[in-house]
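J.: I have a structure I would like to understand better, so I am pasting it below and will then ask my questions one at a time.
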Amino acid sequence: MTNKDFFAALADLEKEKGIPEQVFLDALVNALSSAFKKQYTGAVGAIDIKLNPEKGTIDFFTVRNVVEEVTDADSEISLEDARAIKKSYKVGDKVTEKFVPKDFSRIAAQTAKQVILQKLNETERDAAVSEYSDKEGELLVGVVRKIDAKNIIIEFGKGQVEGLLLPSDQVPGETYNVNDRIKVFVKKVKNNFRGAQVLVSRSSSGLVRKLFEEEVPEIKQNTVIIKSISREPGARTKIAIYSEDKRVDAVGACVGNKGARVNAIVEELKGEKIDIIPWSENPLEFIAKALSPAKVISVTQLDGEKTAMAVVPDDKLSLAIGKDGQNARLAVRLTGWKIDVKSESAAKKMGFGAEESNENSGENEEN
């Protein structure tokens with residue numbers, strides 16, 4: 001390949017990769033300088049390399065400092081010898097002379113090529129990191145490329161960026177196979193020697209939030225607002241939603257016509273149950289709704305900050321608490337309140353009659 005062909009190839013790379021030609025030229029100067037010094041160790045001092053893409057030339061120059069007395073012939077030139085080249089030289093000037101390196105071997109040229117390729121890879125990697133750095137907190141679709149021990153490697157885009165799905169971010173019971181297309185929530189983007197690495201999750205509550213934003217236009221338009229989410233991945237999610245526009249049915253918007261919207265999300269989450277809870281500024285009313293699907297008779301605030309007792313019919317106690325306490329636990333996370341769930345008969349024995357406990361409760365609609 002001639003020099004002109006080489007510069008033409010750099011111009012093509014700029015068009016193809018969108019990387020400025022000057023980036024390659026700077027890398028080429030460094031590469032040639034490094035390769036030359038390796039080939040001619042100790043033979044010359046400082047060198048300067050000038051590239052001219054228009055003419056297709058690569059020129060080498062020695063650079064020597066003008067001194068009164070020469071102590072290093074490779075990097076210094078006497079004032080007398082400098083003035084023999086040009087009379088205006090004085091001590092402290094730099095004398096630059098063009099030269100043609102002999103036998104600039106294939107090894108040196110290969111070294112230069114490797115450095116340029118490395119710079120190209122670094123630039124592409126940095127571009128990929130830059131492209132994905134603003135994806136944190138977003139939803140991405142990728143393809144499972146590798147299963148390494150318990151880690152899942154996911155490919156995005158043209159393969160320059162990979163996602164890492166750690167065991168802690170996987171959903172119990174979900175299976176992942178090579179070539180599967182999956183949606184993931186981006187937790188963090190970082191740069192390493194292999195390129196951009198995207199830490200992703202299938203278990204994060206953020207995944208549910210983004211799926212609802214994707215399926216429910218009213219959420220993207222801020223007509224419906226997601227107030228809070230509590231999730232036990234693979235089992236159940238509770239999501240509290242609200243609309244300031246009284247004409248908007250926030251729950252209906254999230255459910256969709258014949259359940260189409262929420263069903264699409266449930267399908268993406270492989271059958272995970274979803275409770276859509278209408279948020280209320282009245283915390284006791286909110287607690288009553290958060291214990292859905294159980295009917296709540298009353299909610300009473302107890303002594304202590306954010307502590308309440310929820311009373312449910314005797315035959316609904318197990319439903320309100322849920323299997324292994326899951327329903328009550330999710331309600332606690334959703335509302336931010338400590339909730340003590342009691343059956344109606346147990347509450348009466350404690351001195352909390354229905355009338356008394358209703359005194360400080362919110363509405364008791366069944367969701």
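Here's how to read the names in the structure tokens: chain A, B, ... by the order shown, residue numbers from 1 in each chain, ligand numbers from 1 in the order shown.
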Which parts of stretch 79-265 of chain A does DSSP call alpha helix (DSSP H) when run on the backbone here, written out as a VMD selection string?
T.: chain A and resid 79 to 85 106 to 132 205 to 215 217 to 220 250 to 255 260 to 265
J.: May I have the selected residues written with C-alpha atoms, as an mmCIF file, in the first residue's frame?
T.:
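Output saved as again.cif:
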data_model
loop_
_atom_site.group_PDB
_atom_site.id
_atom_site.type_symbol
_atom_site.label_atom_id
_atom_site.label_comp_id
_atom_site.auth_asym_id
_atom_site.auth_seq_id
_atom_site.Cartn_x
_atom_site.Cartn_y
_atom_site.Cartn_z
ATOM 1 C CA LEU A 79 26.562 26.787 17.284
ATOM 2 C CA GLU A 80 29.249 26.692 14.608
ATOM 3 C CA ASP A 81 27.732 23.685 12.840
ATOM 4 C CA ALA A 82 24.233 25.141 13.169
ATOM 5 C CA ARG A 83 25.324 28.421 11.539
ATOM 6 C CA ALA A 84 26.852 26.424 8.725
ATOM 7 C CA ILE A 85 23.290 25.324 7.996
ATOM 8 C CA ARG A 106 8.549 -4.473 8.374
ATOM 9 C CA ILE A 107 8.669 -5.014 12.141
ATOM 10 C CA ALA A 108 8.584 -1.273 12.715
ATOM 11 C CA ALA A 109 5.779 -0.840 10.198
ATOM 12 C CA GLN A 110 3.811 -3.630 11.857
ATOM 13 C CA THR A 111 4.314 -1.979 15.237
ATOM 14 C CA ALA A 112 2.922 1.243 13.811
ATOM 15 C CA LYS A 113 -0.072 -0.627 12.403
ATOM 16 C CA GLN A 114 -0.791 -2.264 15.749
ATOM 17 C CA VAL A 115 -0.709 1.047 17.583
ATOM 18 C CA ILE A 116 -3.085 2.590 15.066
ATOM 19 C CA LEU A 117 -5.496 -0.333 15.389
ATOM 20 C CA GLN A 118 -5.289 -0.025 19.159
ATOM 21 C CA LYS A 119 -6.125 3.668 18.931
ATOM 22 C CA LEU A 120 -9.016 2.855 16.627
ATOM 23 C CA ASN A 121 -10.355 0.306 19.121
ATOM 24 C CA GLU A 122 -9.942 2.748 22.013
ATOM 25 C CA THR A 123 -11.748 5.483 20.112
ATOM 26 C CA GLU A 124 -14.606 3.161 19.163
ATOM 27 C CA ARG A 125 -14.774 1.936 22.759
ATOM 28 C CA ASP A 126 -14.910 5.492 24.108
ATOM 29 C CA ALA A 127 -17.600 6.358 21.566
ATOM 30 C CA ALA A 128 -19.622 3.341 22.687
ATOM 31 C CA VAL A 129 -19.218 4.302 26.352
ATOM 32 C CA SER A 130 -20.306 7.844 25.534
ATOM 33 C CA GLU A 131 -23.327 6.539 23.624
ATOM 34 C CA TYR A 132 -24.455 4.302 26.487
ATOM 35 C CA SER A 205 -38.153 -2.345 40.500
ATOM 36 C CA GLY A 206 -36.853 0.035 37.835
ATOM 37 C CA LEU A 207 -37.626 -2.620 35.214
ATOM 38 C CA VAL A 208 -41.309 -2.609 36.212
ATOM 39 C CA ARG A 209 -41.391 1.202 36.196
ATOM 40 C CA LYS A 210 -39.937 1.355 32.676
ATOM 41 C CA LEU A 211 -42.258 -1.365 31.391
ATOM 42 C CA PHE A 212 -45.268 0.637 32.607
ATOM 43 C CA GLU A 213 -43.856 3.802 31.012
ATOM 44 C CA GLU A 214 -43.481 1.857 27.769
ATOM 45 C CA GLU A 215 -47.009 0.386 27.817
ATOM 46 C CA PRO A 217 -48.835 6.555 27.314
ATOM 47 C CA GLU A 218 -50.487 8.449 30.183
ATOM 48 C CA ILE A 219 -47.421 7.741 32.354
ATOM 49 C CA LYS A 220 -45.005 9.070 29.716
ATOM 50 C CA ALA A 250 -55.301 6.036 36.718
ATOM 51 C CA VAL A 251 -55.896 2.371 37.484
ATOM 52 C CA GLY A 252 -57.888 1.873 34.272
ATOM 53 C CA ALA A 253 -55.127 3.513 32.232
ATOM 54 C CA CYS A 254 -52.561 1.063 33.633
ATOM 55 C CA VAL A 255 -54.831 -1.948 33.207
ATOM 56 C CA ALA A 260 -54.130 -5.527 27.529
ATOM 57 C CA ARG A 261 -51.530 -3.184 29.016
ATOM 58 C CA VAL A 262 -50.931 -4.875 32.333
ATOM 59 C CA ASN A 263 -51.097 -8.311 30.698
ATOM 60 C CA ALA A 264 -48.269 -7.333 28.328
ATOM 61 C CA ILE A 265 -46.144 -6.421 31.339
#
J.: Could you give me the residues within stretch 102-330 of chain A that DSSP places in strand (DSSP E), as a VMD selection string?
T.: chain A and resid 139 to 148 151 to 156 161 to 165 181 to 192 195 to 201 225 to 232 236 to 242 273 to 278 298 to 301 307 to 312
J.: Mind pulling up the distance from atom CA of A:Leu166 to atom CA of A:Ile152?
T.: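 Here the two named atoms are 6.6 Å from each other.
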J.: Pick from A:Phe60, A:Trp279, A:Tyr40, A:Phe7: nearest to A:Phe99, with only C-alpha atoms counted?
T.: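 Among the listed residues, the smallest separation from A:Phe99 belongs to A:Phe60.
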J.: Please identify all polymer residues within 10 Å of stretch 283-291 of chain A, counting only C-alpha atoms, omitting same-chain residues fewer than 4 positions from it, and present them as a VMD selection string.
T.: chain A and resid 238 to 240 275 to 279 295 to 301 306 to 312 319 to 322 327 to 339 341 360 to 367
J.: Have a look at A:Leu51, A:Leu302, A:Val198, A:Ala294 and name the one nearest to A:Lys316; count only C-alpha atoms.
T.: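 Among the listed residues, the smallest separation from A:Lys316 belongs to A:Ala294.
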J.: Between A:Lys102, A:Arg202, A:Lys348, A:Arg145, single out the one closest to A:Ser168, counting only C-alpha atoms.
T.: A:Arg202
J.: List as a PDB file with N, CA, C and O atoms, in the first residue's frame the protein and nucleic acid residues near A:Ser203, meaning an atom at most 7 Å away when only C-alpha atoms are counted, but skip any in the same chain fewer than 6 places from it.
T.:
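result-v6.pdb, written as the output of this step:
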ATOM      1  N   ASP A 169     -29.036  -9.995  40.023  1.00  0.00           N
ATOM      2  CA  ASP A 169     -29.972  -9.206  39.224  1.00  0.00           C
ATOM      3  C   ASP A 169     -30.866 -10.073  38.347  1.00  0.00           C
ATOM      4  O   ASP A 169     -31.614  -9.566  37.525  1.00  0.00           O
ATOM      5  N   GLN A 170     -30.752 -11.378  38.520  1.00  0.00           N
ATOM      6  CA  GLN A 170     -31.613 -12.300  37.797  1.00  0.00           C
ATOM      7  C   GLN A 170     -32.842 -12.636  38.639  1.00  0.00           C
ATOM      8  O   GLN A 170     -32.829 -12.500  39.861  1.00  0.00           O
ATOM      9  N   VAL A 171     -33.896 -13.053  37.964  1.00  0.00           N
ATOM     10  CA  VAL A 171     -35.157 -13.352  38.642  1.00  0.00           C
ATOM     11  C   VAL A 171     -35.228 -14.844  38.939  1.00  0.00           C
ATOM     12  O   VAL A 171     -35.048 -15.663  38.032  1.00  0.00           O
ATOM     13  N   PRO A 233     -39.134 -10.034  43.026  1.00  0.00           N
ATOM     14  CA  PRO A 233     -38.993 -10.495  41.637  1.00  0.00           C
ATOM     15  C   PRO A 233     -39.445 -11.935  41.425  1.00  0.00           C
ATOM     16  O   PRO A 233     -39.104 -12.830  42.189  1.00  0.00           O
TER      17      PRO A 233
END
J.: Under the rule that only C-alpha atoms are counted, which of A:Asp59, A:Glu232, A:Thr71, A:Val66 is the nearest residue to A:Val95?
T.: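 Distance minimum relative to A:Val95 lands on A:Val66.
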